[in-house]
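Student: Data file start-v9.cif (mmCIF, C-alpha atoms) is appended below.
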data_coords
#
loop_
_atom_site.label_atom_id
_atom_site.label_comp_id
_atom_site.auth_asym_id
_atom_site.auth_seq_id
_atom_site.Cartn_x
_atom_site.Cartn_y
_atom_site.Cartn_z
CA MET A 1 0.00 0.00 0.00
CA GLU A 2 2.81 2.42 0.91
CA THR A 3 4.54 1.63 -2.39
CA ASP A 4 1.35 2.50 -4.25
CA LYS A 5 1.26 5.92 -2.57
CA ILE A 6 4.89 6.59 -3.50
CA ASP A 7 4.27 5.57 -7.12
CA LEU A 8 1.19 7.79 -7.23
CA LEU A 9 3.21 10.76 -6.00
CA ARG A 10 6.00 10.05 -8.48
CA ARG A 11 3.45 10.00 -11.31
CA GLN A 12 2.08 13.36 -10.16
CA TYR A 13 5.55 14.89 -10.43
CA GLY A 14 5.87 13.24 -13.83
CA GLU A 15 2.82 15.22 -14.93
CA PHE A 16 4.90 18.36 -14.29
CA GLY A 17 7.72 17.06 -16.46
CA ILE A 18 9.92 15.86 -13.60
CA SER A 19 11.93 12.82 -14.69
CA ASP A 20 12.40 9.76 -12.49
CA LYS A 21 16.11 10.63 -12.17
CA VAL A 22 15.44 14.19 -10.94
CA TYR A 23 12.68 13.00 -8.60
CA ALA A 24 14.88 10.31 -7.07
CA PHE A 25 17.73 12.78 -6.60
CA GLY A 26 15.38 15.15 -4.76
CA GLU A 27 14.02 12.37 -2.54
CA GLU A 28 17.54 11.32 -1.59
CA ILE A 29 18.32 14.89 -0.47
CA LEU A 30 14.99 15.22 1.33
CA ALA A 31 15.53 12.07 3.36
CA SER A 32 18.64 13.60 4.90
CA LEU A 33 16.74 16.71 6.05
CA ARG A 34 13.92 15.21 8.14
CA GLU A 35 15.50 15.95 11.51
CA ARG A 36 16.43 19.49 10.52
CA PHE A 37 12.91 20.17 9.33
CA MET A 38 11.63 19.08 12.74
CA ARG A 39 13.78 21.76 14.40
CA ILE A 40 12.35 24.38 12.03
CA ASP A 41 8.84 23.29 13.02
CA GLU A 42 9.77 23.80 16.69
CA VAL A 43 10.79 27.41 16.00
CA ALA A 44 7.58 27.93 14.04
CA GLU A 45 5.54 26.57 16.94
CA TYR A 46 7.27 28.95 19.36
CA ASN A 47 6.65 31.92 17.08
CA GLN A 48 3.05 30.87 16.45
CA LEU A 49 2.36 30.98 20.18
CA LYS A 50 4.12 34.35 20.36
CA VAL A 51 1.81 35.78 17.68
CA ILE A 52 -1.33 34.40 19.34
CA ARG A 53 -0.25 35.80 22.71
CA ALA A 54 0.40 39.25 21.21
CA MET A 55 -3.03 39.26 19.59
CA GLN A 56 -4.73 38.23 22.81
CA GLU A 57 -2.88 40.84 24.88
CA ALA A 58 -3.81 43.57 22.39
CA GLY A 59 -7.47 42.56 22.60
CA VAL A 60 -8.02 41.73 18.93
CA SER A 61 -11.75 41.48 18.29
CA GLU A 62 -14.01 40.87 15.30
CA ALA A 63 -14.45 44.63 15.05
CA CYS A 64 -10.71 44.95 14.36
CA LEU A 65 -11.15 43.11 11.07
CA LEU A 66 -13.32 45.87 9.63
CA GLY A 67 -11.90 48.86 7.79
CA THR A 68 -12.28 52.60 7.50
CA THR A 69 -12.34 55.06 4.61
CA GLY A 70 -11.57 58.73 4.24
CA TYR A 71 -9.32 60.11 6.95
CA GLY A 72 -9.36 56.88 8.91
CA TYR A 73 -9.86 58.55 12.27
CA ASN A 74 -10.33 56.17 15.22
CA ASP A 75 -9.52 53.07 13.18
CA LEU A 76 -9.72 50.39 15.89
CA GLY A 77 -8.28 47.59 13.76
CA ARG A 78 -5.34 49.65 12.52
CA ASP A 79 -4.41 50.92 15.97
CA THR A 80 -4.79 47.47 17.54
CA LEU A 81 -2.64 45.86 14.84
CA GLU A 82 0.13 48.31 15.63
CA LYS A 83 -0.13 47.29 19.28
CA VAL A 84 0.24 43.66 18.18
CA TYR A 85 3.40 44.45 16.22
CA ALA A 86 4.84 46.44 19.11
CA ALA A 87 4.20 43.49 21.43
CA LEU A 88 5.75 41.01 18.98
CA PHE A 89 8.89 43.10 18.54
CA HIS A 90 9.00 44.20 22.20
CA THR A 91 9.05 47.86 21.19
CA GLU A 92 7.42 51.05 22.40
CA ASP A 93 5.46 51.60 19.19
CA ALA A 94 4.89 50.42 15.63
CA LEU A 95 3.66 51.81 12.32
CA VAL A 96 1.91 49.18 10.16
CA ARG A 97 0.18 50.65 7.14
CA PRO A 98 -1.09 49.78 3.66
CA GLN A 99 0.10 53.26 2.63
CA ILE A 100 3.68 51.93 2.91
CA THR A 101 4.00 50.50 -0.58
CA CYS A 102 6.98 48.14 -0.24
CA GLY A 103 10.10 47.33 1.76
CA THR A 104 12.18 50.01 0.04
CA HIS A 105 9.49 52.58 0.88
CA ALA A 106 9.45 51.48 4.53
CA LEU A 107 13.25 51.82 4.75
CA ALA A 108 13.26 55.17 2.97
CA LEU A 109 10.54 56.39 5.32
CA ALA A 110 12.49 55.34 8.41
CA LEU A 111 15.67 56.99 7.12
CA MET A 112 14.19 60.23 5.79
CA SER A 113 12.11 60.83 8.89
CA ASN A 114 14.95 60.33 11.38
CA LEU A 115 17.79 62.08 9.54
CA ARG A 116 18.21 65.82 9.05
CA PRO A 117 20.44 67.94 6.78
CA GLY A 118 24.00 67.73 8.06
CA ASP A 119 23.58 64.24 9.52
CA GLU A 120 25.54 61.24 8.30
CA LEU A 121 24.24 57.73 7.65
CA LEU A 122 26.60 54.81 8.23
CA SER A 123 26.35 51.27 6.86
CA PRO A 124 28.84 49.07 8.75
CA VAL A 125 27.90 45.95 6.78
CA GLY A 126 28.89 47.01 3.27
CA LYS A 127 26.76 48.00 0.31
CA PRO A 128 23.00 48.11 0.90
CA TYR A 129 20.41 46.47 -1.33
CA ASP A 130 20.36 47.91 -4.85
CA THR A 131 17.11 49.87 -4.55
CA LEU A 132 18.43 51.74 -1.48
CA GLU A 133 21.35 53.14 -3.48
CA GLU A 134 19.04 55.72 -5.06
CA VAL A 135 17.30 56.40 -1.73
CA ILE A 136 20.67 57.24 -0.19
CA GLY A 137 22.13 58.93 -3.25
CA ILE A 138 24.96 56.49 -3.93
CA ARG A 139 23.50 56.55 -7.42
CA PRO A 140 22.10 60.01 -8.18
CA SER A 141 18.32 60.12 -7.89
CA ARG A 142 15.70 62.80 -7.43
CA GLY A 143 14.70 63.22 -3.78
CA SER A 144 17.60 61.18 -2.36
CA LEU A 145 19.08 61.76 1.10
CA ARG A 146 22.11 63.25 -0.60
CA GLU A 147 19.97 65.98 -2.17
CA TYR A 148 18.91 66.98 1.34
CA GLY A 149 22.47 67.33 2.59
CA ILE A 150 22.65 63.95 4.34
CA THR A 151 25.97 62.22 3.75
CA TYR A 152 26.71 58.52 3.64
CA ARG A 153 29.62 56.43 4.78
CA GLN A 154 30.16 52.70 4.33
CA VAL A 155 32.44 50.15 5.96
CA ASP A 156 32.70 46.86 4.08
CA LEU A 157 32.74 43.50 5.79
CA LEU A 158 36.08 41.73 5.96
CA SER A 159 36.84 38.99 3.43
CA ASP A 160 35.64 36.31 5.87
CA GLY A 161 32.32 38.12 6.48
CA ALA A 162 33.37 39.51 9.87
CA PHE A 163 32.72 43.10 10.93
CA ASP A 164 35.61 45.51 10.41
CA TYR A 165 35.45 46.88 13.95
CA GLU A 166 38.44 49.19 13.56
CA GLY A 167 37.07 50.55 10.32
CA ILE A 168 33.68 51.13 11.94
CA ARG A 169 35.29 52.90 14.91
CA ALA A 170 37.18 55.20 12.54
CA ALA A 171 34.03 55.93 10.50
CA ILE A 172 31.86 57.08 13.42
CA ASN A 173 32.12 60.83 13.91
CA ASP A 174 30.21 63.78 15.33
CA ARG A 175 27.84 63.84 12.35
CA THR A 176 26.99 60.13 12.42
CA LYS A 177 23.32 59.98 13.37
CA LEU A 178 21.94 56.67 12.15
CA VAL A 179 23.45 53.24 11.53
CA THR A 180 21.67 51.02 9.01
CA ILE A 181 22.19 47.26 9.28
CA GLN A 182 20.92 45.04 6.49
CA ARG A 183 20.15 41.62 7.92
CA SER A 184 19.80 39.75 4.64
CA LYS A 185 22.38 39.51 1.87
CA GLY A 186 20.54 41.35 -0.93
CA TYR A 187 22.21 40.77 -4.29
CA GLN A 188 25.46 39.83 -2.62
CA THR A 189 27.07 36.54 -1.69
CA ARG A 190 27.87 37.49 1.91
CA PRO A 191 26.41 35.66 4.90
CA THR A 192 23.08 36.80 6.31
CA LEU A 193 23.46 38.29 9.78
CA SER A 194 22.03 36.41 12.73
CA VAL A 195 20.12 38.35 15.37
CA GLY A 196 22.98 37.56 17.76
CA ARG A 197 25.59 39.12 15.46
CA ILE A 198 23.37 42.15 14.91
CA GLY A 199 23.22 42.59 18.69
CA GLU A 200 27.02 42.47 18.93
CA LEU A 201 27.34 45.17 16.27
CA ILE A 202 24.74 47.39 17.92
CA ARG A 203 26.47 47.11 21.30
CA PHE A 204 29.78 48.03 19.66
CA VAL A 205 28.55 51.17 17.87
CA LYS A 206 26.50 52.37 20.85
CA GLY A 207 29.58 51.85 23.03
CA ILE A 208 31.31 54.43 20.85
CA LYS A 209 28.35 56.81 20.49
CA PRO A 210 25.35 55.94 22.71
CA ASP A 211 22.86 58.25 20.98
CA LEU A 212 23.21 56.56 17.59
CA ILE A 213 19.94 55.32 16.09
CA CYS A 214 20.34 51.71 14.94
CA MET A 215 17.93 50.65 12.21
CA VAL A 216 17.76 47.05 10.95
CA ASP A 217 16.46 46.15 7.51
CA ASN A 218 14.64 43.04 8.71
CA CYS A 219 13.30 41.93 5.31
CA TYR A 220 13.21 38.14 4.84
CA GLY A 221 14.27 37.53 8.45
CA GLU A 222 11.09 37.74 10.51
CA PHE A 223 10.16 34.54 12.38
CA VAL A 224 13.24 32.63 11.19
CA GLU A 225 14.60 32.81 14.73
CA THR A 226 12.77 33.07 18.06
CA ILE A 227 13.95 36.67 18.60
CA GLU A 228 14.05 39.80 16.44
CA PRO A 229 16.65 42.60 16.15
CA THR A 230 14.68 44.83 18.51
CA ASP A 231 15.29 42.23 21.22
CA VAL A 232 19.03 42.92 20.98
CA GLY A 233 19.07 46.71 20.96
CA ALA A 234 17.84 47.86 17.53
CA ASP A 235 15.97 51.16 17.73
CA MET A 236 13.95 50.26 14.64
CA ALA A 237 13.18 47.06 12.73
CA VAL A 238 11.77 47.67 9.27
CA GLY A 239 10.16 45.31 6.79
CA SER A 240 7.58 44.55 4.12
CA LEU A 241 4.22 42.86 4.59
CA ILE A 242 4.48 41.05 1.25
CA LYS A 243 7.42 39.18 2.71
CA ASN A 244 7.46 37.06 5.89
CA PRO A 245 5.08 38.91 8.27
CA GLY A 246 2.24 39.13 5.75
CA GLY A 247 2.00 35.35 5.55
CA GLY A 248 1.15 35.50 1.84
CA LEU A 249 -2.21 37.18 2.50
CA ALA A 250 -1.27 40.85 2.95
CA PRO A 251 -1.80 42.52 -0.45
CA ILE A 252 0.49 45.49 0.30
CA GLY A 253 2.08 47.25 3.25
CA GLY A 254 5.11 47.68 5.42
CA TYR A 255 6.03 48.13 9.06
CA ILE A 256 8.40 50.05 11.31
CA ALA A 257 8.61 48.79 14.90
CA GLY A 258 10.77 50.55 17.43
CA ARG A 259 11.37 53.49 19.72
CA LYS A 260 8.35 55.75 20.08
CA ASP A 261 10.10 58.89 18.86
CA CYS A 262 11.50 57.13 15.79
CA VAL A 263 8.11 55.65 14.89
CA GLU A 264 6.34 58.99 15.41
CA ASN A 265 8.87 60.70 13.14
CA ALA A 266 8.09 58.11 10.46
CA ALA A 267 4.34 58.62 10.90
CA TYR A 268 4.65 62.38 10.45
CA ARG A 269 6.66 61.80 7.30
CA LEU A 270 4.21 59.21 5.95
CA THR A 271 1.16 61.42 6.40
CA SER A 272 1.79 65.03 7.40
CA PRO A 273 3.26 67.10 10.25
CA GLY A 274 0.49 67.52 12.80
CA LEU A 275 -1.38 64.40 11.65
CA GLY A 276 0.99 61.46 12.08
CA LYS A 277 -0.61 58.17 13.10
CA GLU A 278 -4.08 59.68 13.57
CA VAL A 279 -4.97 59.37 9.88
CA GLY A 280 -4.65 56.65 7.26
CA ALA A 281 -7.69 54.58 6.36
CA SER A 282 -7.27 50.80 6.32
CA LEU A 283 -9.69 50.38 3.40
CA GLY A 284 -11.04 46.94 4.30
CA ILE A 285 -7.80 44.94 4.13
CA LEU A 286 -7.11 44.55 7.86
CA SER A 287 -8.45 41.00 7.97
CA ALA A 288 -5.70 40.01 5.50
CA PHE A 289 -3.09 41.75 7.67
CA TYR A 290 -4.25 39.96 10.82
CA GLU A 291 -4.72 36.53 9.26
CA GLY A 292 -1.48 36.83 7.33
CA LEU A 293 0.41 37.64 10.52
CA PHE A 294 -1.27 34.69 12.23
CA LEU A 295 -0.06 32.36 9.46
CA ALA A 296 3.37 33.97 9.12
CA PRO A 297 5.37 31.65 11.43
CA THR A 298 4.29 28.47 9.61
CA VAL A 299 4.52 30.06 6.15
CA THR A 300 8.03 31.28 6.95
CA ALA A 301 8.93 27.75 8.08
CA SER A 302 7.74 26.36 4.73
CA ALA A 303 9.86 28.89 2.85
CA LEU A 304 12.83 28.09 5.06
CA LYS A 305 12.52 24.38 4.32
CA GLY A 306 12.45 25.14 0.60
CA ALA A 307 15.62 27.23 0.87
CA ILE A 308 17.44 24.46 2.74
CA PHE A 309 16.25 21.87 0.19
CA ALA A 310 17.61 24.04 -2.63
CA ALA A 311 20.93 24.60 -0.84
CA ASN A 312 21.50 20.89 -0.35
CA ILE A 313 20.55 19.98 -3.91
CA TYR A 314 22.80 22.50 -5.61
CA GLU A 315 25.66 22.10 -3.16
CA LYS A 316 25.73 18.38 -3.93
CA LEU A 317 25.92 19.24 -7.62
CA GLY A 318 29.02 21.35 -6.97
CA PHE A 319 27.64 24.90 -7.15
CA PRO A 320 28.60 27.53 -4.55
CA VAL A 321 25.62 28.17 -2.28
CA ILE A 322 25.13 30.72 0.50
CA PRO A 323 24.20 29.66 3.12
CA ASN A 324 25.64 26.20 2.65
CA GLY A 325 23.60 23.07 3.17
CA THR A 326 24.30 22.64 6.89
CA GLU A 327 24.81 26.06 8.48
CA GLU A 328 22.20 27.82 10.62
CA ARG A 329 19.68 29.98 8.77
CA HIS A 330 18.83 33.60 9.54
CA ASP A 331 16.62 34.47 6.57
CA ILE A 332 14.65 32.67 3.86
CA ILE A 333 16.88 33.59 0.91
CA GLN A 334 19.06 31.02 -0.81
CA ALA A 335 21.82 32.16 -3.17
CA VAL A 336 23.16 29.79 -5.81
CA THR A 337 26.06 30.91 -8.01
CA PHE A 338 26.04 29.42 -11.50
CA GLY A 339 28.80 31.53 -13.04
CA SER A 340 26.81 32.04 -16.23
CA PRO A 341 23.69 33.99 -17.22
CA GLU A 342 22.17 30.81 -18.68
CA GLY A 343 22.13 29.15 -15.26
CA VAL A 344 20.33 32.10 -13.64
CA ILE A 345 17.81 32.35 -16.48
CA GLU A 346 16.95 28.64 -16.59
CA PHE A 347 16.60 28.48 -12.79
CA CYS A 348 14.11 31.36 -12.85
CA ARG A 349 12.18 29.79 -15.71
CA GLY A 350 11.86 26.59 -13.68
CA ILE A 351 10.41 28.52 -10.73
CA GLN A 352 7.92 30.30 -13.01
CA ALA A 353 6.83 27.02 -14.58
CA ALA A 354 5.93 25.68 -11.10
CA ALA A 355 3.64 28.62 -10.29
CA SER A 356 -0.12 28.44 -9.86
CA VAL A 357 -0.45 31.89 -11.45
CA ASP A 358 1.19 32.74 -14.80
CA SER A 359 2.95 29.39 -15.11
CA PHE A 360 2.84 29.81 -18.90
CA VAL A 361 4.93 33.00 -18.80
CA THR A 362 8.62 32.83 -19.77
CA PRO A 363 10.74 35.20 -17.64
CA GLU A 364 13.28 37.35 -19.47
CA PRO A 365 15.98 39.73 -18.14
CA TRP A 366 14.92 43.40 -18.31
CA ASP A 367 15.93 46.89 -17.23
CA MET A 368 14.13 47.15 -13.91
CA PRO A 369 13.87 50.54 -12.13
CA GLY A 370 16.28 50.89 -9.20
CA TYR A 371 18.87 48.38 -10.45
CA ASP A 372 22.19 48.95 -12.25
CA ALA A 373 21.98 45.80 -14.41
CA GLN A 374 19.28 43.80 -16.12
CA VAL A 375 17.33 41.64 -13.67
CA ILE A 376 15.33 38.48 -14.25
CA MET A 377 12.43 37.77 -11.92
CA ALA A 378 10.20 34.72 -11.58
CA ALA A 379 7.10 35.13 -9.45
CA GLY A 380 3.77 33.60 -10.34
CA ALA A 381 2.14 35.02 -7.24
CA PHE A 382 -1.35 35.67 -5.92
CA VAL A 383 0.01 39.01 -4.65
CA SER A 384 2.07 40.75 -7.31
CA GLY A 385 5.74 40.83 -6.33
CA SER A 386 5.20 38.90 -3.10
CA SER A 387 8.51 37.28 -2.25
CA ILE A 388 7.13 35.14 0.58
CA GLU A 389 5.49 33.29 -2.29
CA LEU A 390 7.61 31.00 -4.48
CA SER A 391 9.95 33.31 -6.37
CA ALA A 392 13.47 33.78 -7.67
CA ASP A 393 15.45 36.62 -9.16
CA GLY A 394 18.92 37.81 -9.87
CA PRO A 395 20.93 40.47 -11.70
CA ILE A 396 22.47 39.43 -14.99
CA LYS A 397 26.02 40.29 -13.99
CA PRO A 398 28.98 38.41 -12.45
CA PRO A 399 29.11 36.20 -10.46
CA TYR A 400 25.74 35.25 -11.98
CA ALA A 401 24.01 34.21 -8.79
CA VAL A 402 20.30 33.53 -8.44
CA TYR A 403 18.37 34.30 -5.26
CA PHE A 404 15.54 31.93 -4.40
CA GLN A 405 12.97 32.57 -1.69
CA GLY A 406 9.45 31.87 -0.60
CA GLY A 407 6.90 29.10 -0.83
CA LEU A 408 3.61 29.35 1.04
CA THR A 409 3.77 25.58 1.46
CA PHE A 410 6.77 23.28 1.34
CA PRO A 411 5.26 21.01 -1.37
CA HIS A 412 5.10 24.05 -3.66
CA ALA A 413 8.69 25.02 -2.85
CA LYS A 414 9.76 21.42 -3.50
CA LEU A 415 8.05 21.38 -6.89
CA GLY A 416 9.70 24.68 -7.80
CA ILE A 417 13.18 23.43 -6.94
CA LEU A 418 12.68 20.17 -8.86
CA LYS A 419 11.49 22.18 -11.89
CA THR A 420 14.66 24.29 -11.76
CA LEU A 421 16.74 21.16 -11.58
CA GLN A 422 14.89 19.59 -14.50
CA ASN A 423 15.34 22.75 -16.58
CA LEU A 424 19.06 22.89 -15.89
CA ALA A 425 19.48 19.18 -16.57
CA ASP A 426 17.61 19.45 -19.88
CA LYS A 427 19.92 22.31 -20.91
CA LYS A 428 23.04 20.31 -19.90
CA ILE A 429 23.97 22.92 -17.30
CA VAL A 430 23.82 20.30 -14.53
CA TYR A 431 24.42 16.56 -14.69
CA ILE A 432 22.73 14.09 -12.36
CA GLU A 433 24.40 10.71 -12.00
#
Will you turn the file into C-alpha cells for me?
Tutor:
Amino acid sequence: METDKIDLLRRQYGEFGISDKVYAFGEEILASLRERFMRIDEVAEYNQLKVIRAMQEAGVSEACLLGTTGYGYNDLGRDTLEKVYAALFHTEDALVRPQITCGTHALALALMSNLRPGDELLSPVGKPYDTLEEVIGIRPSRGSLREYGITYRQVDLLSDGAFDYEGIRAAINDRTKLVTIQRSKGYQTRPTLSVGRIGELIRFVKGIKPDLICMVDNCYGEFVETIEPTDVGADMAVGSLIKNPGGGLAPIGGYIAGRKDCVENAAYRLTSPGLGKEVGASLGILSAFYEGLFLAPTVTASALKGAIFAANIYEKLGFPVIPNGTEERHDIIQAVTFGSPEGVIEFCRGIQAAASVDSFVTPEPWDMPGYDAQVIMAAGAFVSGSSIELSADGPIKPPYAVYFQGGLTFPHAKLGILKTLQNLADKKIVYIE
C-alpha cells in the first residue's frame, strides 16, 4: 500500500515534467533533512504561540477586522494591529500601514524621517540592497538623502564576512546619526546576519556613540529565529508585509517597529506634520493583515525548508551556495552561483513554470527601475511581487548568482526546486548521475 502511494506521487511529479532521475535525486536529499525540518517546526511553533499571545494581549476582536475610509480617524483595527506588532517586537510603538508601498518605501521612510540635513548615515555591513542606493544617493536620484544634505559612509565586511570593527570605529564621527544594518544579503554573496551578530554590532557602535539610532532592515528575516533585532538593541526594525510577516495574505504594506520617537517621526513623514498616526484609512484589508500575521510563522517555516532543500541539492551538484547546506539559517533567501547567465535564467524559468499563477509566462531579463543591471524575476504570485510566495530573481552580472525565496507551502517550494533542476538538466547545465 505504501509503495502504491509513492508511485502515485512520483506519477504526479511526472505530470509536471519531472523525470524519475530528478525526482529520485530530490528524494535522496529530502531524506537527509527530516530531523532538521523538525527543528524548524519547533521554532515555528514557538513563534506561532508568540503571535497568538500578542493578539490576545492587544485585545483583537471581530471589530478589528473591519476597515475605515476617508481620513481613517479612530480606526480600531489599525491601531490594535500596531499594538500587536509592538508586542511582537518588544518595542514602544509600531507603524503598520497599507500606505507603505513596499520594503524600500518602509526603509526610505524610516531613514528620511529620522535624519536631518548635516547628519551622516553609516552602513557598517557594506553596500546596501540595490534599490536603497538611489534612496541614499549612492547613485544620483531625485529626492535622495544626498539631495537633502545627508551624507553617507560605508564600511565593508572583511573577506571572511566579519565586521571591520576598527574601520567602523574610525568611520563614526560627530555627524553620524543613524546606523543602518541590512540583515539579509541582498544581491550579494555574503552571509546573512544572525540576530545575535546584529546585537554584537549594535552594542559596539553604541559603546562608541550611545545616541546613535540603529535601524535594521529586517526583510526576509522575521520569524526565522525566536527573537528579532529589537530584542538585541535595535531602535527600529523595518520590513515589508508582502514578505514574511504578511503570511502571503497581505496585499500590500510595510512596518516600522521601534522606539516611540523614531516611529512617530516616520508617521509624520508618511502622512503630514500635525497628523501622524491619527490618519490613514485601512480600506477593508485589515483582515488580511491579521490573518497573514497569524499564518506567518508556519509560512516562513515552509519557505525556510524550501531554501534548505535548494541549498543541499545545488551544493551536492558542486555549485557555490550561501548559506551552505548545513549552516544555521537567519533568513529565507538562498543564493546559488552558476557563473553564467544561462544558469540564472533557466533556474528562474523553472520557478515560473511551477507557479499556480502565470505558469505559462517565460521570464526574461529586463531593465528594472532601481537596479544597475538587467534583472530576471520569476514570481507567479497571488500578490504581485510577493517574495514570501515562491519566487526567484537575480541580476544578470557576475558572479551570476540567483536568489531563491518563498513558498507558502513546502510542497510548492519542492516542486519549484525540482522544476529548476529539470530545466538545468535538460539544458546540460547540470548533470545528475
Student: Could you build a table of the residues in region 297-376 of chain A lying no more than 10 Å from region 29-41 of chain A, giving for each the nearest pair of atoms and their separation in Å rounded to one decimal place, using all atoms listed in the file, ordered by chain and ascending residue number, as JSON lines?
Tutor:
{"residue": "A:Pro297", "atom": "CA", "partner": "A:Asp41", "partner_atom": "CA", "distance": 9.2}
{"residue": "A:Thr298", "atom": "CA", "partner": "A:Asp41", "partner_atom": "CA", "distance": 7.7}
{"residue": "A:Thr300", "atom": "CA", "partner": "A:Ile40", "partner_atom": "CA", "distance": 9.6}
{"residue": "A:Ala301", "atom": "CA", "partner": "A:Ile40", "partner_atom": "CA", "distance": 6.2}
{"residue": "A:Ser302", "atom": "CA", "partner": "A:Ile40", "partner_atom": "CA", "distance": 8.9}
{"residue": "A:Leu304", "atom": "CA", "partner": "A:Ile40", "partner_atom": "CA", "distance": 7.9}
{"residue": "A:Lys305", "atom": "CA", "partner": "A:Phe37", "partner_atom": "CA", "distance": 6.6}
{"residue": "A:Ile308", "atom": "CA", "partner": "A:Leu33", "partner_atom": "CA", "distance": 8.5}
{"residue": "A:Phe309", "atom": "CA", "partner": "A:Leu30", "partner_atom": "CA", "distance": 6.9}
{"residue": "A:Ala310", "atom": "CA", "partner": "A:Ile29", "partner_atom": "CA", "distance": 9.4}
{"residue": "A:Asn312", "atom": "CA", "partner": "A:Ile29", "partner_atom": "CA", "distance": 6.8}
{"residue": "A:Ile313", "atom": "CA", "partner": "A:Ile29", "partner_atom": "CA", "distance": 6.5}
{"residue": "A:Lys316", "atom": "CA", "partner": "A:Ile29", "partner_atom": "CA", "distance": 8.9}
{"residue": "A:Gly325", "atom": "CA", "partner": "A:Leu33", "partner_atom": "CA", "distance": 9.8}
{"residue": "A:Thr326", "atom": "CA", "partner": "A:Arg36", "partner_atom": "CA", "distance": 9.2}
{"residue": "A:Arg329", "atom": "CA", "partner": "A:Ile40", "partner_atom": "CA", "distance": 9.8}
Student: Using only C-alpha atoms for the distances, tell me which of A:Ala94, A:Leu81, A:Leu121, A:Ala296 is nearest to Tyr255 (chain A).
Tutor: A:Ala94
Student: For Gly233 (chain A), which residue among A:Ile168, A:Val375, A:Ile202, A:Cys219 is the nearest when counting all atoms listed in the file?
Tutor: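 Under the stated criterion, the closest residue is A:Ile202.
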Student: Rank A:Leu95, A:Leu390, A:Val125, A:Ala257 by their smallest atom-to-atom distance to Ser184 (chain A), using all atoms listed in the file, and report the top residue only.
Tutor: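 With all atoms listed in the file as the atom set, the closest residue is A:Val125.
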Student: Determine the nearest neighbour of Ile333 (chain A) from the options A:Ala267, A:Leu415, A:Met236, A:Val321, counting only C-alpha atoms.
Tutor: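 Using only C-alpha atoms, Ile333 (chain A) sits closest to A:Val321.
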Student: Write out as a short mmCIF file (atom, residue, chain, number, x, y, z; two decimals) with C-alpha atoms, keeping the file's coordinate frame the residues lying within 12 Å of Phe204 (chain A), counting all atoms listed in the file and excluding same-chain residues fewer than 2 positions away.
Tutor:
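part_39.cif, written as the output of this step:
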data_model
loop_
_atom_site.label_atom_id
_atom_site.label_comp_id
_atom_site.auth_asym_id
_atom_site.auth_seq_id
_atom_site.Cartn_x
_atom_site.Cartn_y
_atom_site.Cartn_z
CA PRO A 124 28.84 49.07 8.75
CA PHE A 163 32.72 43.10 10.93
CA ASP A 164 35.61 45.51 10.41
CA TYR A 165 35.45 46.88 13.95
CA GLU A 166 38.44 49.19 13.56
CA ILE A 168 33.68 51.13 11.94
CA ARG A 169 35.29 52.90 14.91
CA ILE A 172 31.86 57.08 13.42
CA VAL A 179 23.45 53.24 11.53
CA ARG A 197 25.59 39.12 15.46
CA ILE A 198 23.37 42.15 14.91
CA GLY A 199 23.22 42.59 18.69
CA GLU A 200 27.02 42.47 18.93
CA LEU A 201 27.34 45.17 16.27
CA ILE A 202 24.74 47.39 17.92
CA LYS A 206 26.50 52.37 20.85
CA GLY A 207 29.58 51.85 23.03
CA ILE A 208 31.31 54.43 20.85
CA LYS A 209 28.35 56.81 20.49
CA PRO A 210 25.35 55.94 22.71
CA LEU A 212 23.21 56.56 17.59
CA CYS A 214 20.34 51.71 14.94
CA VAL A 232 19.03 42.92 20.98
CA GLY A 233 19.07 46.71 20.96
#
Student: Can you list what the PyMOL selection byres ((chain A and resi 102) around 12) grabs from this structure, as an MDAnalysis selection string?
Tutor: chainID A and resid 96:101 103:109 131 219 238:243 246 250:256 384:387
Student: Go ahead and compute the interatomic distance for CA of Phe25 (chain A) and CA of Met377 (chain A), in Å to one decimal.
Tutor: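 Taking CA of Phe25 (chain A) as the start and CA of Met377 (chain A) as the end point, the length is 26.1 Å.
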Student: Can you tell me, as number ranges by chain, what residues are no more than 12 Å from Arg139 (chain A) when counting only C-alpha atoms, ignoring any on the same chain fewer than 5 positions away?
Tutor: A: 127-128, 130-134, 144-147, 152, 370-372
Student: Given the choices A:Gly292, A:Pro191, A:Gly350, A:Gly186, which gets closest to Lys414 (chain A) if the distance is worked out from only C-alpha atoms?
Tutor: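 Closest residue, counting only C-alpha atoms: A:Gly350.
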Student: Go through A:Val344, A:Val402, A:Val430, A:Val336 one by one, measure the shortest atom-to-atom distance of each to Leu317 (chain A) using all atoms listed in the file, and give the residue with the smallest value.
Tutor: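 Closest residue, counting all atoms listed in the file: A:Val430.
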Student: Taking the file as shown, what set of residues would the PyMOL selection byres ((chain A and resi 420) around 8) give back, as an MDAnalysis selection string?
Tutor: chainID A and resid 346:351 416:419 421:424
Student: At a cut-off of 8 Å, using all atoms listed in the file, what residues contact region 225-229 of chain A? Leave out same-chain residues fewer than 6 positions from it and give the result as JSON, numbers by chain.
Tutor: {"A": [43, 46, 47, 89, 195, 198, 199, 216, 218, 237, 330]}
Student: Store the residues of this selection in a file with C-alpha atoms, as a short mmCIF file (atom, residue, chain, number, x, y, z; two decimals), in the coordinates of the input.
Tutor:
data_model
loop_
_atom_site.label_atom_id
_atom_site.label_comp_id
_atom_site.auth_asym_id
_atom_site.auth_seq_id
_atom_site.Cartn_x
_atom_site.Cartn_y
_atom_site.Cartn_z
CA VAL A 43 10.79 27.41 16.00
CA TYR A 46 7.27 28.95 19.36
CA ASN A 47 6.65 31.92 17.08
CA PHE A 89 8.89 43.10 18.54
CA VAL A 195 20.12 38.35 15.37
CA ILE A 198 23.37 42.15 14.91
CA GLY A 199 23.22 42.59 18.69
CA VAL A 216 17.76 47.05 10.95
CA ASN A 218 14.64 43.04 8.71
CA ALA A 237 13.18 47.06 12.73
CA HIS A 330 18.83 33.60 9.54
#
Student: Going by the chain IDs and residue numbers used in this file, which residues fall under the PyMOL selection byres ((chain A and resi 76-79) around 7)? Write them as a short mmCIF file (atom, residue, chain, number, x, y, z; two decimals) with C-alpha atoms, in the frame of the given file.
Tutor:
data_model
loop_
_atom_site.label_atom_id
_atom_site.label_comp_id
_atom_site.auth_asym_id
_atom_site.auth_seq_id
_atom_site.Cartn_x
_atom_site.Cartn_y
_atom_site.Cartn_z
CA ALA A 63 -14.45 44.63 15.05
CA CYS A 64 -10.71 44.95 14.36
CA LEU A 65 -11.15 43.11 11.07
CA LEU A 66 -13.32 45.87 9.63
CA ASN A 74 -10.33 56.17 15.22
CA ASP A 75 -9.52 53.07 13.18
CA THR A 80 -4.79 47.47 17.54
CA LEU A 81 -2.64 45.86 14.84
CA GLU A 82 0.13 48.31 15.63
CA LYS A 83 -0.13 47.29 19.28
CA SER A 282 -7.27 50.80 6.32
CA LEU A 286 -7.11 44.55 7.86
#
